[in-house]
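**Student:** What follows is entry-v9.cif, made up of mmCIF, C-alpha atoms:
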```cif
data_target
#
loop_
_atom_site.label_atom_id
_atom_site.label_comp_id
_atom_site.auth_asym_id
_atom_site.auth_seq_id
_atom_site.Cartn_x
_atom_site.Cartn_y
_atom_site.Cartn_z
CA MET A 1 7.47 115.49 58.76
CA LEU A 2 11.14 114.85 59.52
CA LEU A 3 10.24 112.84 62.62
CA GLY A 4 7.74 110.84 60.58
CA VAL A 5 10.35 110.00 57.93
CA ALA A 6 12.83 109.00 60.62
CA VAL A 7 10.29 106.72 62.31
CA LEU A 8 9.34 105.06 59.02
CA TRP A 9 12.98 104.48 58.15
CA ALA A 10 13.71 102.99 61.58
CA LEU A 11 10.74 100.63 61.18
CA PHE A 12 11.95 99.64 57.71
CA VAL A 13 15.45 98.83 58.98
CA ALA A 14 14.07 96.87 61.92
CA ALA A 15 11.72 94.92 59.66
CA ARG A 16 14.60 94.08 57.32
CA ALA A 17 16.61 92.70 60.22
CA LEU A 18 13.69 90.55 61.38
CA LEU A 19 12.05 89.46 58.12
CA SER A 20 14.67 89.29 55.36
CA GLY A 21 15.42 85.72 54.43
CA ARG A 22 12.52 84.50 56.58
CA TRP A 23 9.38 85.85 54.85
CA TRP A 24 9.12 85.63 51.09
CA VAL A 25 7.39 89.03 50.76
CA TRP A 26 10.54 90.75 51.94
CA ASN A 27 12.54 89.36 49.01
CA GLY A 28 10.84 91.91 46.79
CA LEU A 29 11.23 94.83 49.21
CA GLY A 30 14.67 94.93 50.76
CA LEU A 31 16.88 95.30 47.69
CA ALA A 32 18.21 98.82 48.27
CA PRO A 33 22.02 99.04 48.17
CA PRO A 34 23.17 98.05 51.69
CA LEU A 35 25.26 101.22 52.04
CA LEU A 36 21.97 103.14 52.12
CA HIS A 37 21.48 101.87 55.68
CA LEU A 38 24.43 104.04 56.68
CA LEU A 39 24.07 106.99 54.31
CA PHE A 40 20.36 107.72 54.68
CA PRO A 41 20.31 108.12 58.49
CA LEU A 42 23.47 110.24 58.29
CA VAL A 43 21.65 112.54 55.86
CA LEU A 44 18.61 112.65 58.16
CA LEU A 45 20.82 113.44 61.14
CA ILE A 46 21.78 116.87 59.77
CA PRO A 47 18.27 118.43 59.75
CA ALA A 48 17.36 116.48 62.90
CA VAL A 49 20.11 118.29 64.81
CA LEU A 50 19.09 121.68 63.41
CA ILE A 51 15.35 121.65 64.06
CA ARG A 52 13.97 123.12 67.27
CA HIS A 53 10.66 121.33 67.67
CA ARG A 54 11.01 117.66 68.79
CA ARG A 55 14.76 117.72 68.17
CA ARG A 56 15.56 115.09 70.79
CA ALA A 57 12.93 112.70 69.50
CA ALA A 58 14.08 113.10 65.89
CA VAL A 59 17.77 112.69 66.74
CA GLY A 60 17.00 109.69 68.93
CA VAL A 61 15.02 107.89 66.24
CA VAL A 62 17.68 108.61 63.61
CA LEU A 63 20.42 107.27 65.90
CA VAL A 64 18.39 104.13 66.56
CA SER A 65 17.99 103.54 62.81
CA LEU A 66 21.71 104.20 62.33
CA LEU A 67 22.55 101.63 65.01
CA LEU A 68 20.14 99.04 63.58
CA GLY A 69 21.36 99.60 60.04
CA SER A 70 25.09 99.79 60.70
CA TRP A 71 25.55 96.02 60.77
CA GLN A 72 23.39 95.63 57.63
CA THR A 73 25.72 97.70 55.44
CA GLY A 74 28.20 94.95 54.60
CA LEU A 75 31.10 97.21 55.56
CA HIS A 76 34.41 95.72 56.70
CA PRO A 77 36.22 98.78 58.11
CA GLY A 78 39.11 96.64 59.32
CA ALA A 79 40.31 96.48 55.72
CA LEU A 80 41.27 100.16 55.98
CA LEU A 81 43.69 99.39 58.80
CA ARG A 82 44.95 96.04 57.61
CA GLY A 83 48.05 95.91 55.49
CA GLN A 84 48.55 93.40 52.73
CA PRO A 85 49.70 90.22 54.52
CA ALA A 86 52.46 88.12 53.08
CA VAL A 87 51.16 84.96 51.45
CA PRO A 88 53.34 81.99 52.44
CA PRO A 89 54.94 79.83 49.76
CA GLY A 90 52.76 76.91 48.75
CA ALA A 91 49.46 78.61 49.60
CA LEU A 92 46.48 77.75 47.41
CA LYS A 93 45.02 80.40 45.17
CA VAL A 94 41.27 80.00 44.62
CA VAL A 95 39.32 82.07 42.10
CA ASN A 96 35.54 82.42 42.20
CA TRP A 97 33.66 84.10 39.34
CA ASN A 98 30.22 84.29 37.80
CA THR A 99 31.25 84.41 34.15
CA PHE A 100 27.85 85.67 32.92
CA PHE A 101 27.06 83.24 30.07
CA TRP A 102 30.69 82.17 29.64
CA ASP A 103 32.19 83.72 26.49
CA GLN A 104 28.95 84.14 24.51
CA ASP A 105 29.03 87.94 24.38
CA SER A 106 32.79 88.50 24.56
CA ASP A 107 35.98 87.72 22.71
CA THR A 108 36.79 84.08 23.44
CA ASP A 109 40.56 84.53 23.40
CA ALA A 110 40.33 87.51 25.75
CA PHE A 111 38.01 85.54 28.03
CA TYR A 112 40.42 82.64 28.41
CA ALA A 113 43.41 84.95 28.68
CA TYR A 114 41.75 86.72 31.62
CA LEU A 115 41.03 83.43 33.39
CA LYS A 116 44.57 82.17 32.90
CA SER A 117 46.11 85.48 34.05
CA HIS A 118 45.15 84.61 37.64
CA SER A 119 47.26 81.44 37.65
CA ALA A 120 44.95 79.90 40.23
CA ASP A 121 45.13 76.40 41.68
CA VAL A 122 41.34 76.18 41.81
CA TYR A 123 38.66 77.91 39.72
CA LEU A 124 35.03 77.94 40.89
CA LEU A 125 33.10 79.22 37.88
CA GLN A 126 29.36 79.79 37.50
CA GLU A 127 27.23 80.28 34.39
CA TYR A 128 29.22 77.87 32.28
CA GLN A 129 26.37 78.21 29.80
CA ASN A 130 24.98 80.31 26.98
CA ALA A 131 21.54 81.76 26.31
CA ARG A 132 19.08 80.89 23.57
CA GLY A 133 16.45 83.54 23.45
CA ASP A 134 15.30 84.06 27.03
CA GLU A 135 16.44 80.65 28.26
CA PRO A 136 19.77 79.37 29.62
CA ALA A 137 21.32 76.67 27.47
CA PRO A 138 24.06 74.11 28.24
CA ILE A 139 27.38 74.22 26.39
CA ASP A 140 30.33 71.88 25.92
CA ASP A 141 33.64 73.74 25.75
CA LEU A 142 35.71 71.04 27.45
CA ALA A 143 38.06 70.55 24.51
CA ARG A 144 39.11 74.22 24.66
CA ILE A 145 39.26 74.13 28.46
CA ARG A 146 41.65 71.17 28.41
CA ARG A 147 43.90 72.97 25.95
CA GLU A 148 43.91 76.17 27.99
CA PHE A 149 44.36 74.44 31.36
CA PRO A 150 46.59 71.41 30.75
CA GLY A 151 46.98 69.16 33.78
CA PHE A 152 43.89 70.49 35.50
CA HIS A 153 41.17 68.17 36.79
CA ILE A 154 37.64 69.07 35.71
CA ALA A 155 34.21 68.74 37.32
CA THR A 156 31.08 70.06 35.65
CA GLU A 157 27.34 69.72 36.28
CA GLY A 158 24.58 72.06 35.19
CA GLU A 159 25.96 75.61 34.95
CA PHE A 160 29.00 74.86 37.13
CA LEU A 161 32.61 74.31 36.19
CA THR A 162 35.29 73.54 38.77
CA LEU A 163 38.94 73.33 37.74
CA SER A 164 41.62 72.02 40.09
CA ARG A 165 45.36 71.41 39.87
CA PHE A 166 44.86 68.75 42.52
CA PRO A 167 43.21 65.36 42.02
CA ILE A 168 39.45 65.25 42.31
CA THR A 169 38.30 62.48 44.63
CA SER A 170 34.54 63.09 44.63
CA VAL A 171 31.97 65.10 42.67
CA ARG A 172 28.37 65.54 43.78
CA ALA A 173 25.67 67.91 42.61
CA LEU A 174 23.20 68.76 45.36
CA ARG A 175 19.64 68.12 44.18
CA PRO A 176 17.01 69.07 46.78
CA ASP A 177 13.78 67.08 47.07
CA GLY A 178 10.40 68.64 46.39
CA LEU A 179 11.46 71.27 43.85
CA ALA A 180 8.76 72.72 41.62
CA PRO A 181 9.00 71.96 37.90
CA PRO A 182 11.66 74.13 36.23
CA ASP A 183 10.70 77.23 34.29
CA THR A 184 12.84 76.29 31.27
CA SER A 185 13.65 73.16 29.29
CA TRP A 186 17.10 72.82 30.93
CA ALA A 187 16.12 71.20 34.21
CA ASP A 188 19.66 71.01 35.65
CA TYR A 189 19.97 74.79 35.54
CA TRP A 190 17.15 75.04 38.09
CA ASN A 191 17.67 71.84 40.05
CA ILE A 192 21.44 72.05 40.57
CA ARG A 193 22.57 75.15 42.42
CA VAL A 194 25.53 73.69 44.30
CA LEU A 195 28.33 71.51 42.95
CA ARG A 196 30.48 69.93 45.64
CA THR A 197 33.92 68.77 44.55
CA ASP A 198 36.39 67.16 46.95
CA ILE A 199 40.07 67.43 46.06
CA ASP A 200 43.18 65.80 47.51
CA VAL A 201 45.73 68.41 48.62
CA ASP A 202 48.81 66.43 49.65
CA GLY A 203 46.74 63.86 51.50
CA GLU A 204 44.26 66.36 52.98
CA THR A 205 40.72 66.44 51.56
CA LEU A 206 39.36 69.90 50.82
CA SER A 207 35.67 70.27 49.94
CA LEU A 208 34.86 72.93 47.35
CA TYR A 209 31.28 74.18 47.12
CA ASN A 210 30.70 75.93 43.80
CA THR A 211 27.44 77.81 44.35
CA HIS A 212 24.85 79.90 42.47
CA LEU A 213 21.61 80.24 44.40
CA PRO A 214 18.34 81.32 42.74
CA ASP A 215 17.53 85.01 42.34
CA LEU A 216 15.43 86.81 44.91
CA LEU A 217 13.01 88.01 42.25
CA ASN A 218 12.42 88.27 38.52
CA VAL A 219 13.32 91.83 37.53
CA ASP A 220 11.53 91.47 34.19
CA ARG A 221 8.08 91.25 35.79
CA ASN A 222 5.83 94.10 36.83
CA PRO A 223 5.73 94.34 40.66
CA LEU A 224 2.14 95.59 40.45
CA THR A 225 0.91 92.28 39.05
CA ALA A 226 -0.09 89.06 40.80
CA ALA A 227 2.29 87.12 38.54
CA TYR A 228 5.23 89.03 40.01
CA HIS A 229 4.34 88.07 43.59
CA ARG A 230 3.71 84.44 42.63
CA SER A 231 7.17 84.40 41.07
CA VAL A 232 8.79 85.88 44.21
CA ARG A 233 7.11 83.26 46.38
CA GLN A 234 8.09 80.39 44.07
CA LEU A 235 11.71 81.58 43.96
CA SER A 236 11.71 81.89 47.74
CA ASP A 237 10.53 78.30 48.12
CA ARG A 238 13.20 77.12 45.67
CA ARG A 239 15.88 79.12 47.50
CA ASP A 240 14.89 77.63 50.87
CA ARG A 241 15.08 74.08 49.54
CA HIS A 242 18.54 74.70 48.08
CA PHE A 243 19.66 76.36 51.32
CA ARG A 244 18.50 73.37 53.36
CA ALA A 245 20.23 70.88 51.08
CA LEU A 246 23.45 72.89 51.31
CA ARG A 247 23.22 73.22 55.10
CA ASP A 248 22.56 69.49 55.51
CA ASP A 249 25.59 68.65 53.41
CA LEU A 250 27.81 71.10 55.32
CA ASP A 251 26.68 69.66 58.66
CA ALA A 252 27.58 66.14 57.54
CA ASN A 253 30.95 67.16 56.08
CA GLU A 254 34.01 66.67 58.33
CA HIS A 255 36.49 68.09 55.80
CA PRO A 256 37.71 71.69 55.62
CA VAL A 257 35.49 73.72 53.31
CA VAL A 258 35.76 76.52 50.77
CA LEU A 259 32.31 77.71 49.69
CA ALA A 260 32.04 80.46 47.10
CA GLY A 261 29.76 81.71 44.38
CA ASP A 262 26.96 84.02 43.36
CA LEU A 263 24.76 83.48 46.40
CA ASN A 264 22.23 86.24 45.66
CA VAL A 265 22.43 87.05 49.37
CA LEU A 266 22.72 90.60 50.72
CA PRO A 267 24.67 91.65 53.84
CA GLY A 268 22.77 91.79 57.09
CA THR A 269 19.94 89.51 55.94
CA GLY A 270 18.53 86.36 57.48
CA ASP A 271 19.85 84.24 54.62
CA LEU A 272 23.32 84.44 56.15
CA ARG A 273 22.21 82.11 58.96
CA TRP A 274 22.63 79.21 56.55
CA PHE A 275 26.40 79.79 56.62
CA ASP A 276 26.79 79.78 60.39
CA GLY A 277 30.06 78.18 61.44
CA LEU A 278 31.90 79.37 58.33
CA ARG A 279 34.13 82.45 58.16
CA ASP A 280 33.30 85.26 55.76
CA ALA A 281 36.44 85.61 53.63
CA ALA A 282 35.88 89.37 53.41
CA ASP A 283 37.17 89.52 57.01
CA ALA A 284 40.60 89.08 55.42
CA GLY A 285 39.76 91.30 52.46
CA ASP A 286 41.48 94.30 50.94
CA THR A 287 38.37 96.50 50.63
CA ALA A 288 36.02 97.98 53.21
CA TYR A 289 32.99 97.45 50.95
CA PRO A 290 33.45 94.16 49.06
CA ALA A 291 30.53 94.67 46.66
CA THR A 292 30.63 92.55 43.52
CA PHE A 293 27.79 93.81 41.29
CA PRO A 294 27.67 95.44 38.81
CA VAL A 295 31.09 95.82 37.18
CA SER A 296 30.17 98.86 35.05
CA GLY A 297 29.88 101.87 37.36
CA PRO A 298 30.11 101.63 41.15
CA ALA A 299 29.56 98.16 42.59
CA LEU A 300 26.66 98.66 45.02
CA TRP A 301 25.54 95.12 45.88
CA ARG A 302 27.44 92.21 47.31
CA LEU A 303 25.93 89.17 45.62
CA ASP A 304 29.09 87.05 45.37
CA TRP A 305 30.61 85.65 48.58
CA ALA A 306 33.34 83.33 49.77
CA PHE A 307 33.34 81.41 53.04
CA VAL A 308 35.89 79.08 54.59
CA SER A 309 35.72 76.72 57.55
CA PRO A 310 37.69 77.54 60.71
CA ARG A 311 40.28 74.89 59.84
CA VAL A 312 41.33 76.81 56.75
CA ASP A 313 44.11 79.36 57.23
CA LEU A 314 42.85 82.31 55.17
CA HIS A 315 45.59 84.78 54.22
CA ARG A 316 43.80 87.20 51.93
CA GLN A 317 40.70 87.92 49.86
CA SER A 318 40.80 90.25 46.88
CA VAL A 319 37.79 91.49 44.89
CA GLN A 320 38.79 92.39 41.34
CA ASP A 321 37.14 94.06 38.36
CA PRO A 322 37.18 92.01 35.15
CA PRO A 323 36.91 93.82 31.82
CA ALA A 324 33.29 94.97 31.58
CA ALA A 325 32.82 93.08 28.33
CA LEU A 326 33.39 89.75 30.10
CA SER A 327 30.91 89.77 32.99
CA THR A 328 28.66 91.90 35.17
CA HIS A 329 30.15 90.33 38.30
CA ARG A 330 33.46 91.05 39.98
CA LEU A 331 35.90 88.22 40.62
CA ILE A 332 36.94 86.98 44.07
CA GLU A 333 40.46 85.68 44.64
CA LEU A 334 41.47 83.83 47.83
CA ASP A 335 44.89 82.86 49.17
CA LEU A 336 44.68 80.14 51.79
CA SER A 337 46.46 77.18 53.34
CA LEU A 338 45.47 73.93 54.96
CA PRO A 339 47.60 73.82 58.13
CA ALA A 340 47.68 70.03 58.25
CA SER A 341 48.70 69.61 54.62
CA GLY A 342 52.06 71.38 54.54
CA ALA A 343 53.34 72.59 51.18
CA THR A 344 50.94 72.39 48.26
CA THR A 345 52.83 71.45 45.15
CA ALA A 346 50.33 70.47 42.49
CA PRO A 347 50.69 67.11 40.77
CA ALA A 348 51.26 66.96 37.06
CA THR A 349 48.85 64.22 36.05
CA GLU A 350 45.43 64.88 34.54
CA LYS A 351 42.17 63.34 35.61
CA ASP A 352 38.83 64.63 34.36
CA ARG A 353 35.46 64.10 36.00
CA SER A 354 32.32 65.49 34.44
#
```
Write out the structure in this file as structure tokens.
**Tutor:**
Amino acid sequence: MLLGVAVLWALFVAARALLSGRWWVWNGLGLAPPLLHLLFPLVLLIPAVLIRHRRRAAVGVVLVSLLLGSWQTGLHPGALLRGQPAVPPGALKVVNWNTFFWDQDSDTDAFYAYLKSHSADVYLLQEYQNARGDEPAPIDDLARIRREFPGFHIATEGEFLTLSRFPITSVRALRPDGLAPPDTSWADYWNIRVLRTDIDVDGETLSLYNTHLPDLLNVDRNPLTAAYHRSVRQLSDRRDRHFRALRDDLDANEHPVVLAGDLNVLPGTGDLRWFDGLRDAADAGDTAYPATFPVSGPALWRLDWAFVSPRVDLHRQSVQDPPAALSTHRLIELDLSLPASGATTAPATEKDRS
């Protein structure tokens, strides 16, 4: 029985490596916390070593599954050895956060106070929206935002809000072709999943990709029904179209890039191929397991990511817990520099684009 369990687990891990992000069926199967790919084979290894009958076969299969699953865990063990690097003067501070329906279910003053406490140069914020019943709904809180962030430049489309101390030179929402009709009355919520904003940092253009990709599945539907599987397939098609639009834009972009957001991508999955050529900011992180969801209790899943292009000098990434009343997602803070741009003293003028 132990050997059978070990073989099944090894096949599951191998299938995840081959099929996740490439076959829509897998989107509804491979959602276990990534750390399980390390912990489960370690648990199996104990009885596998102790049994007498077929011990070598059992240990061998468990070790194979441990090897296959080790790179799917999302662990960054280098963070345990890395000290906190000094951040040079003039470095940019970038904050990424899925605000979870903005301030709808929290104290508004506390919400804005938390945002401002980070004193960031750039804010990439998702779910700048509220909910009406079961549907997302657009909001307009720009008057309050301008009061709270004087001198900042503003870009907003759909659920996205990007704030920058530096002048905005271009704003473009990526709208893929061939999308299915949206499931709610707010079409932009479904059709816009990436907001690109270019900013001028002392003469150097930096492209900011504020991102929130569609969910892998609808957790409110019964997985034993045909409607559930139709939904998974439709979401998979929508995800692929948004991925392709994002990849096409990245390939055509010659500027240094910071891409961050709630990607709904898990470590070790095929979806990460869409970000080839970019550096995972967690490589410079302060935690060995940079999970971001949920905030209440242990964070088991990494849904929120930050990537930078090789031209960006990344000093540090920090994953931080907001007050649980504000969001279900942890916040990502980056410290980085553009080597060609020199010091980064923000201008004082205001210019809004929305």
**Student:** As number ranges by chain, please: the residues near range 109-115 of chain A (cut-off 12 Å, only C-alpha atoms, same-chain neighbours under 3 positions excluded).
**Tutor:** A: 94-106, 118-125, 141, 144-149, 163, 320-327, 331-333
**Student:** Provide the CA of Arg54 in chain A to CA of His37 in chain A distance in Å, to one decimal place.
**Tutor:**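 Interatomic distance, CA of Arg54 in chain A to CA of His37 in chain A: 23.0 Å.
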**Student:** Need to verify the contact set: range 72-87 of chain A, 9 Å, all atoms listed in the file, exclusion of same-chain residues closer than 3 positions in sequence. Can you return it as number ranges by chain?
**Tutor:** A: 13, 16-17, 33-38, 68-69, 90-91, 266-269, 282-291, 302, 315-316, 335-336
**Student:** So, counting only C-alpha atoms, which residue among A:Ser185, A:Ser20, A:Gln317, A:Ser170 is closest to Ala137 in chain A?
**Tutor:**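 Of all the options, A:Ser185 lies closest to Ala137 in chain A.
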**Student:** How far is it from CA of Gly277 in chain A to CA of Arg311 in chain A, in Å with one decimal?
**Tutor:**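 Calculated distance between CA of Gly277 in chain A and CA of Arg311 in chain A is 10.9 Å.
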**Student:** Selection in question (the file shown): the PyMOL selection byres ((chain A and resi 5) around 12). Which residues does it include, as a ChimeraX atom specification?
**Tutor:** /A:1-4,6-12,40-41,43-45,47-48,58-59,61-62,65
**Student:** Step by step, work through what the PyMOL selection byres ((chain A and resi 198) around 12) selects in the shown file, and finish by giving those residues as a ChimeraX atom specification.
**Tutor:** /A:122,153-155,162-164,166-173,195-197,199-201,203-210,253-259,353
**Student:** Could you state the separation of CA of Leu161 in chain A and CA of His212 in chain A in Å, given to one decimal place?
**Tutor:**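 We find that CA of Leu161 in chain A and CA of His212 in chain A lie 11.4 Å from each other.
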**Student:** With the file shown as input, list the residues that the PyMOL selection byres ((chain A and resi 242-248) around 9) selects, as a list in words.
**Tutor:**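 What the PyMOL selection byres ((chain A and resi 242-248) around 9) grabs from the file is Leu174, Arg175, Pro176, Asp177, Leu179, Asn191, Ile192, Arg193, Val194, Tyr209, Leu213, Pro214, Asp237, Arg238, Arg239, Asp240, Arg241, Asp249, Leu250, Asp251, Ala252, Asn253, Asp271, Trp274 and Phe275 of chain A.
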**Student:** Please determine, counting only C-alpha atoms, which residue among A:Arg330, A:Pro181, A:Val312, A:Val319 has the shortest atom-to-atom distance to Val295 in chain A.
**Tutor:**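 Looking at the shortest contact to Val295 in chain A, the residue is A:Arg330.
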**Student:** Taking only C-alpha atoms into account, which of A:Pro310, A:Pro136, A:Gly151, A:Pro294 comes nearest Asp188 in chain A?
**Tutor:**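 When distances to Asp188 in chain A are compared using only C-alpha atoms, the smallest one comes from A:Pro136.
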**Student:** Around the point (32.1, 85.4, 51.4) in the file's coordinates, collect all residues with an atom within 9 Å, using all atoms listed in the file, and return them as a list in words.
**Tutor:** Leu259, Ala260, Gly261, Arg279, Asp280, Ala281, Ala282, Asp283, Asp304, Trp305, Ala306, Phe307, Val308 and Ile332 of chain A
**Student:** For the selection you just gave me, I'd like the residues written to a file as a CSV table (one decimal), in the frame of the given file, keeping C-alpha atoms.
**Tutor:**
```csv
chain,number,residue,atom,x,y,z
A,259,LEU,CA,32.3,77.7,49.7
A,260,ALA,CA,32.0,80.5,47.1
A,261,GLY,CA,29.8,81.7,44.4
A,279,ARG,CA,34.1,82.4,58.2
A,280,ASP,CA,33.3,85.3,55.8
A,281,ALA,CA,36.4,85.6,53.6
A,282,ALA,CA,35.9,89.4,53.4
A,283,ASP,CA,37.2,89.5,57.0
A,304,ASP,CA,29.1,87.0,45.4
A,305,TRP,CA,30.6,85.6,48.6
A,306,ALA,CA,33.3,83.3,49.8
A,307,PHE,CA,33.3,81.4,53.0
A,308,VAL,CA,35.9,79.1,54.6
A,332,ILE,CA,36.9,87.0,44.1
```
